[in-house]
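Content type CSV, C-alpha atoms, from the file entry23.csv:
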```
chain,number,residue,atom,x,y,z
J,1,MET,CA,100.3,37.9,-45.9
J,2,ASP,CA,100.5,37.8,-49.7
J,3,THR,CA,103.5,39.5,-51.3
J,4,ALA,CA,103.5,40.3,-55.0
J,5,LEU,CA,104.9,42.7,-57.5
J,6,ARG,CA,102.1,44.9,-58.6
J,7,GLU,CA,101.7,47.9,-60.9
J,8,ILE,CA,105.0,47.1,-62.6
J,9,ILE,CA,105.8,45.6,-66.0
J,10,LEU,CA,106.6,41.9,-65.5
J,11,ALA,CA,107.4,41.0,-69.1
J,12,ILE,CA,107.4,42.5,-72.5
J,13,VAL,CA,106.4,40.7,-75.7
J,14,THR,CA,107.4,42.5,-78.8
J,15,LEU,CA,107.3,42.1,-82.6
J,16,TYR,CA,109.9,44.9,-83.0
J,17,PRO,CA,112.9,44.4,-80.6
J,18,ASP,CA,114.2,47.9,-81.5
J,19,LYS,CA,111.1,49.6,-80.0
J,20,VAL,CA,112.0,48.4,-76.5
J,21,ARG,CA,115.0,49.6,-74.4
J,22,GLY,CA,116.2,49.2,-70.9
J,23,GLY,CA,116.2,46.4,-68.4
J,24,GLY,CA,114.2,45.4,-65.3
J,25,CYS,CA,112.0,42.8,-67.0
J,26,PRO,CA,112.5,40.1,-69.6
J,27,VAL,CA,111.7,41.0,-73.2
J,28,PHE,CA,110.4,38.3,-75.4
J,29,CYS,CA,110.9,38.8,-79.1
J,30,VAL,CA,108.3,37.1,-81.4
J,31,SER,CA,108.0,36.9,-85.1
J,32,SER,CA,104.2,37.0,-85.7
J,33,VAL,CA,101.0,38.4,-84.1
J,34,GLU,CA,99.8,34.8,-83.4
J,35,GLU,CA,103.0,34.0,-81.6
J,36,GLN,CA,102.7,37.3,-79.7
J,37,ASN,CA,99.2,36.5,-78.6
J,38,ARG,CA,100.1,33.0,-77.5
J,39,VAL,CA,103.3,33.9,-75.6
J,40,SER,CA,101.5,36.8,-73.9
J,41,LEU,CA,98.6,34.5,-72.9
J,42,LEU,CA,101.0,31.9,-71.4
J,43,LEU,CA,103.0,34.6,-69.6
J,44,ALA,CA,99.9,36.2,-68.2
J,45,ARG,CA,98.4,33.0,-67.0
J,46,THR,CA,101.6,31.9,-65.2
J,47,LEU,CA,102.4,35.3,-63.8
J,48,GLY,CA,98.8,36.0,-62.9
J,49,GLY,CA,98.9,39.3,-64.7
J,50,LEU,CA,97.1,41.1,-67.5
J,51,VAL,CA,98.1,41.6,-71.1
J,52,HIS,CA,98.1,45.2,-72.2
J,53,ASP,CA,98.6,46.4,-75.8
J,54,LEU,CA,100.7,49.5,-76.5
J,55,GLU,CA,99.2,49.5,-80.1
J,56,ASN,CA,102.7,49.6,-81.7
J,57,GLY,CA,103.4,45.9,-81.8
J,58,VAL,CA,104.5,45.8,-78.2
J,59,TYR,CA,102.5,43.9,-75.5
J,60,PHE,CA,103.4,44.0,-71.8
J,61,ILE,CA,102.2,42.0,-68.8
J,62,SER,CA,101.4,43.7,-65.6
J,63,LYS,CA,99.8,42.7,-62.3
J,64,HIS,CA,97.1,44.9,-60.8
U,1,MET,CA,56.9,38.7,-9.5
U,2,GLN,CA,53.9,36.9,-11.0
U,3,GLU,CA,52.2,40.1,-12.1
U,4,TYR,CA,55.3,41.2,-14.0
U,5,GLY,CA,56.0,37.7,-15.5
U,6,ILE,CA,53.6,38.1,-18.4
U,7,THR,CA,54.7,41.7,-19.0
U,8,ILE,CA,58.3,40.6,-19.3
U,9,LEU,CA,57.4,37.5,-21.4
U,10,PHE,CA,55.3,39.7,-23.8
U,11,GLY,CA,58.1,42.2,-24.3
U,12,LEU,CA,60.6,39.4,-24.7
U,13,VAL,CA,58.6,37.6,-27.4
U,14,ALA,CA,57.9,40.8,-29.3
U,15,GLY,CA,61.6,41.8,-29.2
U,16,PHE,CA,62.8,38.4,-30.2
U,17,VAL,CA,60.4,38.1,-33.1
U,18,ALA,CA,61.5,41.6,-34.3
U,19,ARG,CA,65.1,40.4,-34.3
U,20,TRP,CA,64.2,37.2,-36.1
U,21,LEU,CA,62.4,39.1,-38.8
U,22,MET,CA,65.3,41.5,-39.2
U,23,LEU,CA,67.7,38.7,-39.7
U,24,ARG,CA,68.0,38.0,-43.3
U,25,ASN,CA,69.9,35.2,-44.9
U,26,ASP,CA,69.9,35.9,-48.6
U,27,TYR,CA,71.9,35.3,-51.7
U,28,ARG,CA,74.7,37.8,-50.9
U,29,HIS,CA,75.4,36.2,-47.6
U,30,TYR,CA,74.5,39.6,-46.4
U,31,PRO,CA,74.5,39.9,-43.5
U,32,THR,CA,74.4,36.4,-41.9
U,33,TYR,CA,76.2,33.2,-42.2
U,34,PRO,CA,74.4,30.1,-40.9
U,35,HIS,CA,76.2,30.0,-37.6
U,36,GLY,CA,75.9,33.8,-37.4
U,37,HIS,CA,72.2,33.2,-37.2
U,38,VAL,CA,72.5,31.5,-33.8
U,39,THR,CA,74.8,34.1,-32.4
U,40,HIS,CA,72.6,36.9,-33.5
U,41,LEU,CA,69.4,35.3,-32.4
U,42,ALA,CA,71.0,34.7,-29.0
U,43,LEU,CA,72.1,38.3,-28.7
U,44,GLY,CA,68.6,39.3,-29.9
U,45,PHE,CA,67.1,37.3,-27.1
U,46,ILE,CA,69.4,39.1,-24.6
U,47,ALA,CA,68.5,42.5,-26.1
U,48,ALA,CA,64.8,41.7,-25.9
U,49,ALA,CA,65.1,40.6,-22.3
U,50,LEU,CA,66.9,43.8,-21.4
U,51,GLY,CA,64.1,45.9,-23.1
U,52,ALA,CA,61.3,43.8,-21.5
U,53,VAL,CA,62.7,44.0,-18.0
U,54,ALA,CA,63.0,47.8,-18.0
U,55,VAL,CA,59.3,48.5,-17.6
U,56,PRO,CA,58.7,46.3,-14.6
U,57,ALA,CA,61.9,47.7,-13.1
U,58,ILE,CA,60.5,51.2,-13.3
U,59,ALA,CA,57.0,50.1,-12.1
U,60,LYS,CA,58.3,48.3,-9.1
U,61,PRO,CA,59.9,51.0,-8.6
U,62,ASP,CA,63.6,50.1,-8.9
U,63,TYR,CA,65.0,53.0,-10.9
U,64,VAL,CA,68.6,52.0,-10.4
U,65,ALA,CA,67.9,48.8,-12.3
U,66,VAL,CA,67.3,50.8,-15.4
U,67,THR,CA,71.0,51.7,-15.5
U,68,PHE,CA,71.7,48.2,-16.8
U,69,LEU,CA,70.6,49.4,-20.2
U,70,THR,CA,73.9,51.2,-20.4
U,71,LEU,CA,75.5,47.8,-20.1
U,72,ALA,CA,73.5,46.8,-23.1
U,73,ALA,CA,74.9,49.6,-25.2
U,74,GLN,CA,78.5,48.4,-24.4
U,75,GLN,CA,77.5,44.8,-25.2
U,76,PHE,CA,76.1,45.7,-28.6
U,77,ARG,CA,79.0,47.9,-29.6
U,78,ASP,CA,80.9,44.6,-29.3
U,79,VAL,CA,78.5,43.1,-31.8
U,80,ARG,CA,79.6,45.7,-34.3
U,81,ASN,CA,83.3,44.8,-33.7
U,82,ILE,CA,82.6,41.1,-34.1
U,83,GLU,CA,80.9,41.6,-37.4
U,84,ARG,CA,83.6,44.0,-38.6
U,85,GLU,CA,86.4,41.6,-37.7
U,86,THR,CA,84.7,38.6,-39.2
U,87,LEU,CA,84.0,40.3,-42.5
U,88,ASN,CA,87.4,41.9,-42.7
U,89,LYS,CA,89.0,38.5,-42.2
U,90,LEU,CA,86.9,36.9,-44.9
U,91,GLU,CA,87.7,39.8,-47.2
U,92,GLU,CA,91.3,38.6,-47.6
U,93,THR,CA,90.2,35.5,-49.5
U,94,LYS,CA,87.6,37.1,-51.7
U,95,LEU,CA,88.2,37.7,-55.4
U,96,ILE,CA,85.8,40.5,-55.5
U,97,PRO,CA,86.0,42.2,-52.1
U,98,ARG,CA,83.1,43.9,-50.4
U,99,GLY,CA,85.2,46.9,-49.4
U,100,THR,CA,85.6,48.4,-45.9
U,101,ASP,CA,82.8,50.9,-46.4
U,102,TYR,CA,80.3,48.0,-47.0
U,103,ILE,CA,81.6,46.1,-44.1
U,104,GLU,CA,81.4,49.1,-41.8
U,105,GLY,CA,77.8,49.6,-43.0
U,106,ILE,CA,76.9,46.0,-42.3
U,107,ALA,CA,78.5,46.1,-38.8
U,108,ARG,CA,76.6,49.3,-38.0
U,109,VAL,CA,73.3,47.8,-39.1
U,110,PHE,CA,73.9,44.9,-36.9
U,111,GLU,CA,74.4,47.1,-33.8
U,112,ALA,CA,71.4,49.2,-34.7
U,113,ARG,CA,69.2,46.1,-35.1
U,114,ASN,CA,69.8,45.2,-31.5
U,115,TYR,CA,68.8,48.6,-30.3
U,116,LEU,CA,65.6,48.3,-32.4
U,117,CYS,CA,65.1,45.0,-30.7
U,118,ILE,CA,65.4,46.6,-27.3
U,119,PHE,CA,63.0,49.4,-28.4
U,120,THR,CA,60.4,46.9,-29.6
U,121,ALA,CA,60.6,44.9,-26.3
U,122,LEU,CA,60.4,48.0,-24.2
U,123,LEU,CA,57.4,49.4,-26.1
U,124,SER,CA,55.6,46.1,-26.1
U,125,SER,CA,56.1,45.3,-22.4
U,126,GLY,CA,55.3,49.0,-21.5
U,127,ALA,CA,52.1,48.7,-23.5
U,128,TYR,CA,51.2,45.4,-21.9
U,129,HIS,CA,51.7,46.9,-18.5
U,130,LEU,CA,49.3,49.8,-19.3
U,131,ILE,CA,46.6,48.3,-21.5
U,132,LYS,CA,47.1,44.5,-21.2
U,133,PHE,CA,46.1,42.6,-24.3
U,134,TRP,CA,45.4,45.7,-26.3
U,135,ALA,CA,49.2,45.7,-26.4
U,136,ILE,CA,49.3,43.1,-29.2
U,137,PRO,CA,48.6,45.7,-32.0
U,138,VAL,CA,51.2,47.9,-30.4
U,139,ALA,CA,53.8,45.1,-30.5
U,140,PHE,CA,53.0,44.5,-34.2
U,141,MET,CA,53.4,48.2,-35.0
U,142,ALA,CA,56.7,48.3,-33.1
U,143,ILE,CA,58.0,45.3,-35.1
U,144,PHE,CA,56.8,46.8,-38.3
U,145,ALA,CA,58.4,50.1,-37.4
U,146,SER,CA,61.7,48.4,-36.6
U,147,MET,CA,61.7,46.7,-40.0
U,148,THR,CA,60.9,49.8,-42.0
U,149,LEU,CA,63.5,51.9,-40.0
U,150,MET,CA,66.2,49.4,-41.1
U,151,ARG,CA,65.4,50.0,-44.8
U,152,GLY,CA,67.9,52.5,-46.1
U,153,MET,CA,68.2,54.2,-49.5
U,154,VAL,CA,69.0,52.1,-52.5
U,155,LEU,CA,71.0,53.1,-55.6
U,156,GLY,CA,67.9,53.2,-57.7
U,157,ASP,CA,66.7,56.1,-55.7
U,158,VAL,CA,69.6,58.3,-56.6
U,159,VAL,CA,70.9,57.0,-59.9
U,160,ASP,CA,69.4,56.6,-63.4
U,161,ILE,CA,70.6,53.4,-65.0
U,162,GLU,CA,70.6,52.6,-68.6
U,163,GLU,CA,72.2,50.0,-70.8
U,164,GLY,CA,75.7,50.8,-72.1
U,165,HIS,CA,77.3,49.8,-75.4
U,166,ILE,CA,80.5,47.8,-75.1
U,167,HIS,CA,83.1,48.3,-77.8
U,168,PHE,CA,86.8,48.7,-78.4
U,169,GLN,CA,88.7,51.7,-79.5
U,170,LYS,CA,91.9,49.9,-80.6
U,171,SER,CA,93.0,48.2,-77.4
U,172,LEU,CA,90.9,50.3,-75.1
U,173,LEU,CA,87.7,48.7,-73.7
U,174,MET,CA,84.9,51.3,-73.6
U,175,VAL,CA,81.3,51.4,-72.4
U,176,ASP,CA,79.8,54.2,-74.5
U,177,ASP,CA,82.4,56.9,-74.1
U,178,VAL,CA,83.9,55.8,-70.8
U,179,VAL,CA,87.3,54.1,-70.9
U,180,ILE,CA,87.3,51.0,-68.8
U,181,MET,CA,90.8,49.4,-69.4
U,182,ASN,CA,93.4,48.4,-71.9
U,183,VAL,CA,92.9,44.8,-73.1
U,184,GLY,CA,95.9,43.3,-75.0
U,185,LEU,CA,94.8,39.8,-76.0
U,186,GLU,CA,92.6,39.4,-79.1
U,187,SER,CA,90.9,36.3,-77.6
U,188,THR,CA,90.0,38.3,-74.5
U,189,ARG,CA,88.6,41.1,-76.6
U,190,GLU,CA,86.4,38.6,-78.5
U,191,LYS,CA,85.2,37.1,-75.3
U,192,ILE,CA,84.3,40.6,-73.9
U,193,MET,CA,82.5,41.5,-77.1
U,194,ALA,CA,80.5,38.3,-77.0
U,195,GLU,CA,79.7,38.1,-73.3
U,196,GLY,CA,80.4,41.5,-71.7
U,197,MET,CA,77.7,43.7,-70.3
U,198,GLY,CA,77.8,47.4,-69.7
U,199,LEU,CA,75.6,49.9,-67.8
U,200,ILE,CA,75.7,53.6,-67.6
U,201,LEU,CA,74.9,55.1,-64.2
U,202,HIS,CA,73.7,58.7,-64.3
U,203,PRO,CA,73.7,60.4,-60.9
U,204,LYS,CA,70.4,62.2,-60.4
U,205,ASP,CA,72.0,65.1,-58.4
U,206,ASP,CA,75.3,66.3,-56.9
U,207,ASN,CA,74.8,64.1,-53.8
U,208,ALA,CA,74.5,61.0,-55.9
U,209,ARG,CA,77.5,62.0,-57.9
U,210,LEU,CA,79.5,62.2,-54.7
U,211,THR,CA,78.1,58.8,-53.6
U,212,LEU,CA,79.3,57.1,-56.7
U,213,HIS,CA,82.6,58.9,-56.5
U,214,ALA,CA,83.5,56.9,-53.4
U,215,PRO,CA,85.4,53.7,-54.4
U,216,GLY,CA,83.8,51.9,-51.4
U,217,GLN,CA,80.3,52.4,-53.0
U,218,ARG,CA,81.6,51.1,-56.3
U,219,MET,CA,83.1,48.0,-54.7
U,220,ALA,CA,79.8,47.4,-52.9
U,221,ILE,CA,77.9,47.5,-56.3
U,222,LEU,CA,80.4,45.1,-57.9
U,223,HIS,CA,80.3,42.8,-54.9
U,224,ASP,CA,76.5,42.6,-55.0
U,225,VAL,CA,76.4,42.1,-58.8
U,226,VAL,CA,79.0,39.4,-58.7
U,227,SER,CA,77.5,37.5,-55.8
U,228,ILE,CA,74.2,37.2,-57.7
U,229,LEU,CA,75.2,37.0,-61.4
U,230,GLY,CA,78.6,35.5,-60.9
U,231,THR,CA,81.8,36.4,-62.7
U,232,LYS,CA,84.3,34.8,-65.0
U,233,VAL,CA,87.2,36.1,-63.0
U,234,ASP,CA,89.4,33.4,-61.5
U,235,ILE,CA,92.6,33.3,-59.4
U,236,ALA,CA,95.5,34.4,-61.7
U,237,GLU,CA,93.0,35.2,-64.5
U,238,THR,CA,91.9,38.7,-63.7
U,239,GLU,CA,91.4,40.0,-67.2
U,240,LEU,CA,87.6,40.0,-66.9
U,241,MET,CA,87.6,41.9,-63.7
U,242,PRO,CA,84.3,43.8,-63.3
U,243,MET,CA,84.8,47.5,-63.0
U,244,ILE,CA,83.1,50.9,-62.6
U,245,ARG,CA,84.9,53.8,-64.1
U,246,LYS,CA,84.0,57.5,-64.4
U,247,GLN,CA,83.5,59.7,-67.4
U,248,VAL,CA,85.7,62.4,-65.9
U,249,ASP,CA,84.3,65.3,-68.0
U,250,LYS,CA,80.6,64.5,-67.8
U,251,GLY,CA,80.5,62.9,-64.4
U,252,TYR,CA,78.6,59.7,-65.1
U,253,TYR,CA,79.8,56.2,-64.5
U,254,ALA,CA,80.1,53.0,-66.5
U,255,LEU,CA,79.9,49.5,-65.2
U,256,PHE,CA,81.5,46.6,-67.0
U,257,ILE,CA,81.1,42.9,-66.2
U,258,VAL,CA,81.5,39.5,-67.8
U,259,ALA,CA,79.0,37.5,-65.7
U,260,ASN,CA,78.1,33.8,-65.6
U,261,GLU,CA,74.5,34.8,-66.1
U,262,PRO,CA,74.4,37.4,-68.9
U,263,ASP,CA,71.0,38.9,-68.2
U,264,ILE,CA,71.2,42.6,-68.6
U,265,GLN,CA,67.8,43.4,-67.2
U,266,TYR,CA,68.6,41.6,-64.0
U,267,LEU,CA,72.0,43.3,-63.8
U,268,ARG,CA,70.1,46.5,-63.9
U,269,GLN,CA,67.7,45.6,-61.2
U,270,ILE,CA,70.5,44.3,-59.0
U,271,VAL,CA,72.4,47.6,-59.3
U,272,GLU,CA,69.2,49.5,-58.5
U,273,LYS,CA,68.8,47.5,-55.3
U,274,VAL,CA,72.3,48.0,-54.0
U,275,PRO,CA,72.2,49.9,-50.7
U,276,VAL,CA,73.6,53.4,-50.6
U,277,LEU,CA,76.3,53.1,-48.0
U,278,GLU,CA,76.1,55.5,-45.1
U,279,SER,CA,79.9,56.2,-45.2
U,280,ALA,CA,79.8,56.9,-48.9
U,281,GLN,CA,76.6,58.9,-49.1
U,282,GLY,CA,77.2,62.3,-50.5
U,283,SER,CA,75.7,65.3,-48.8
U,284,THR,CA,77.1,68.2,-50.7
U,285,LEU,CA,73.6,69.6,-51.3
U,286,SER,CA,73.1,70.1,-47.5
U,287,SER,CA,75.8,72.7,-47.4
U,288,TYR,CA,75.1,76.2,-48.5
U,289,LEU,CA,78.1,76.4,-50.8
U,290,GLY,CA,77.3,73.0,-52.2
U,291,ARG,CA,73.9,74.2,-53.2
U,292,LYS,CA,75.3,77.4,-54.7
U,293,ALA,CA,77.9,75.4,-56.7
U,294,ALA,CA,75.4,72.9,-58.0
U,295,ASP,CA,74.1,74.5,-61.2
```
Could I get this file's structure written as structure tokens?
Amino acid sequence: MDTALREIILAIVTLYPDKVRGGGCPVFCVSSVEEQNRVSLLLARTLGGLVHDLENGVYFISKH
Amino acid sequence: MQEYGITILFGLVAGFVARWLMLRNDYRHYPTYPHGHVTHLALGFIAAALGAVAVPAIAKPDYVAVTFLTLAAQQFRDVRNIERETLNKLEETKLIPRGTDYIEGIARVFEARNYLCIFTALLSSGAYHLIKFWAIPVAFMAIFASMTLMRGMVLGDVVDIEEGHIHFQKSLLMVDDVVIMNVGLESTREKIMAEGMGLILHPKDDNARLTLHAPGQRMAILHDVVSILGTKVDIAETELMPMIRKQVDKGYYALFIVANEPDIQYLRQIVEKVPVLESAQGSTLSSYLGRKAAD
């Protein structure tokens, strides 16, 4: 039987740290869009999740 | 015994041939796996034997012997369970699952095929008993009838399919005006724009709308498409997951897929040939209020 955390935010990758509050998952602060894309890609591949864009400089990774 | 020997053999052969022809081993592994072939042919043989023996049993007359047909019913209900269990187990390791509706449909078809096999054997041996070798056309007709009876409705009968335009509204992947999902990564968006395919499925009536509304039917469509055209989804890389989503306001559906074989015309034909699942089939128009409401 496979157990996994689904439908929750596994990680947040943000260009603007002040736009994210609260705990529960790691927040990765990055300094450029390229870095954001790269970090999100690596996180998504290792966590087996999907990268979603909140369109305000914040990406998050979630498993469905 | 001698006089009934050929009668039984005739029915047996006709029933077995019917089962053989109904057994299809195609690209979707629907419904048979190679070893499943042997199992089902063996069961088909038993079914044919049961059907073929019934007529001599009545002619003899040994009416009680006919009650063994009830045993057959029990036997073939087990066939349904076998198929259901096997396919459910295999489901756990599938990236694009069939869905329980599809499995139930397949299992039911398997059971029904055995009954059709009995029916063919019964009719053929009965005909042989009455009209001897004139029974050959009767046997052919019974086999033909069994094969046409097994042909259910396909999606092309109830849905109009047209090509959909894939585009992004900021981070939202859309097929025409249907939202599919949120895609974060720029590289994934580029890949989708380059290789993605989209279809719009317009239900022809309210029954069809209800059919497509069932998630089981949508899973069946995706499973068929993926097993023919392939998919670029992998374990832990589920960004390019094929999906069917609804345009909530207008009631039509959009299909999105990134396939290994990006041939939109074949994609369309595959979707047209997906069976309409019995368990998902809408029947709102058969009810009085359903007809009244459909305007």
Pick out the chain U residues within 8 Å of chain J. Count all atoms listed in the file. Give them as number ranges by chain.
U: 170-171, 182-186, 235-239
For Glu111 (chain U), work out the shell of residues within 8 Å, counting only C-alpha atoms and skipping chain neighbours fewer than 4 positions away, then give it as a ChimeraX atom specification.
/U:76-77,79-80,107,115
So how many Å separate CA of Leu12 (chain U) and CA of Glu83 (chain U), to one decimal?
24.0 Å
With distances taken over all atoms listed in the file, which residue among U:Val66, U:Leu87, U:Val233, U:Cys117 lies nearest Leu43 (chain U)?
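Ranking U:Val66, U:Leu87, U:Val233, U:Cys117 by distance to Leu43 (chain U), first place goes to U:Cys117.
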Contacts of Pro56 (chain U) at 9 Å (only C-alpha atoms; same-chain gap of 2+ positions) as number ranges by chain:
U: 4, 7-8, 52-54, 58-62, 125-126, 129
Skipping near chain neighbours, those fewer than 4 positions away, what residues fall within 7 Å of Ser146 (chain U) using only C-alpha atoms, listed as number ranges by chain?
U: 116, 142, 150
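Put simply, CA of Met141 (chain U) is 15.9 Å away from CA of Arg113 (chain U).
Here CA of Pro275 (chain U) is placed at a distance of 6.8 Å from CA of Gly152 (chain U).
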Pick from U:Ala254, U:Leu90, U:Asp224, U:Val154: nearest to Ile166 (chain U), with all atoms listed in the file counted?
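Smallest separation from Ile166 (chain U) among the options: U:Ala254.
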Which residues are near region 228-232 of chain U? Cut-off 12 Å, all atoms listed in the file, ignore same chain within fewer than 6 positions. Put them as a PyMOL selection string.
chain U and resi 26-30+95-96+188+191-192+195-197+221-222+238-243+256-271+273-274
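For the residues U:Ala49, U:Met153, U:Leu277, U:Met181, ranking by smallest atom-to-atom distance to Arg98 (chain U) using only C-alpha atoms places U:Leu277 first.
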Give me the residues within 10 Å of Gln169 (chain U) as a list in words, counting only C-alpha atoms and dropping any in the same chain fewer than 3 places off.
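Contacts, with the query itself left out: Leu172, Leu173, Met174, Asp177, Val179 and Asn182 of chain U.
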Edge lengths and centre in Å to one decimal, as AutoDock Vina command-line options, is what I'm after for the box along x, y and z that holds all listed atoms of region 18-34 of chain J once 6 Å is added on each side.
```
--center_x 108.0 --center_y 42.2 --center_z -75.5 --size_x 28.4 --size_y 26.8 --size_z 32.4
```
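The residue that comes closest to Pro97 (chain U), out of U:Leu123, U:Val138, U:Val109, U:Pro215 and on the basis of all atoms listed in the file, is U:Pro215.
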Go through J:Lys19, J:Ile9, J:Cys25, J:Ala4 and flag the residue nearest Asn56 (chain J), using all atoms listed in the file for the distances.
J:Lys19
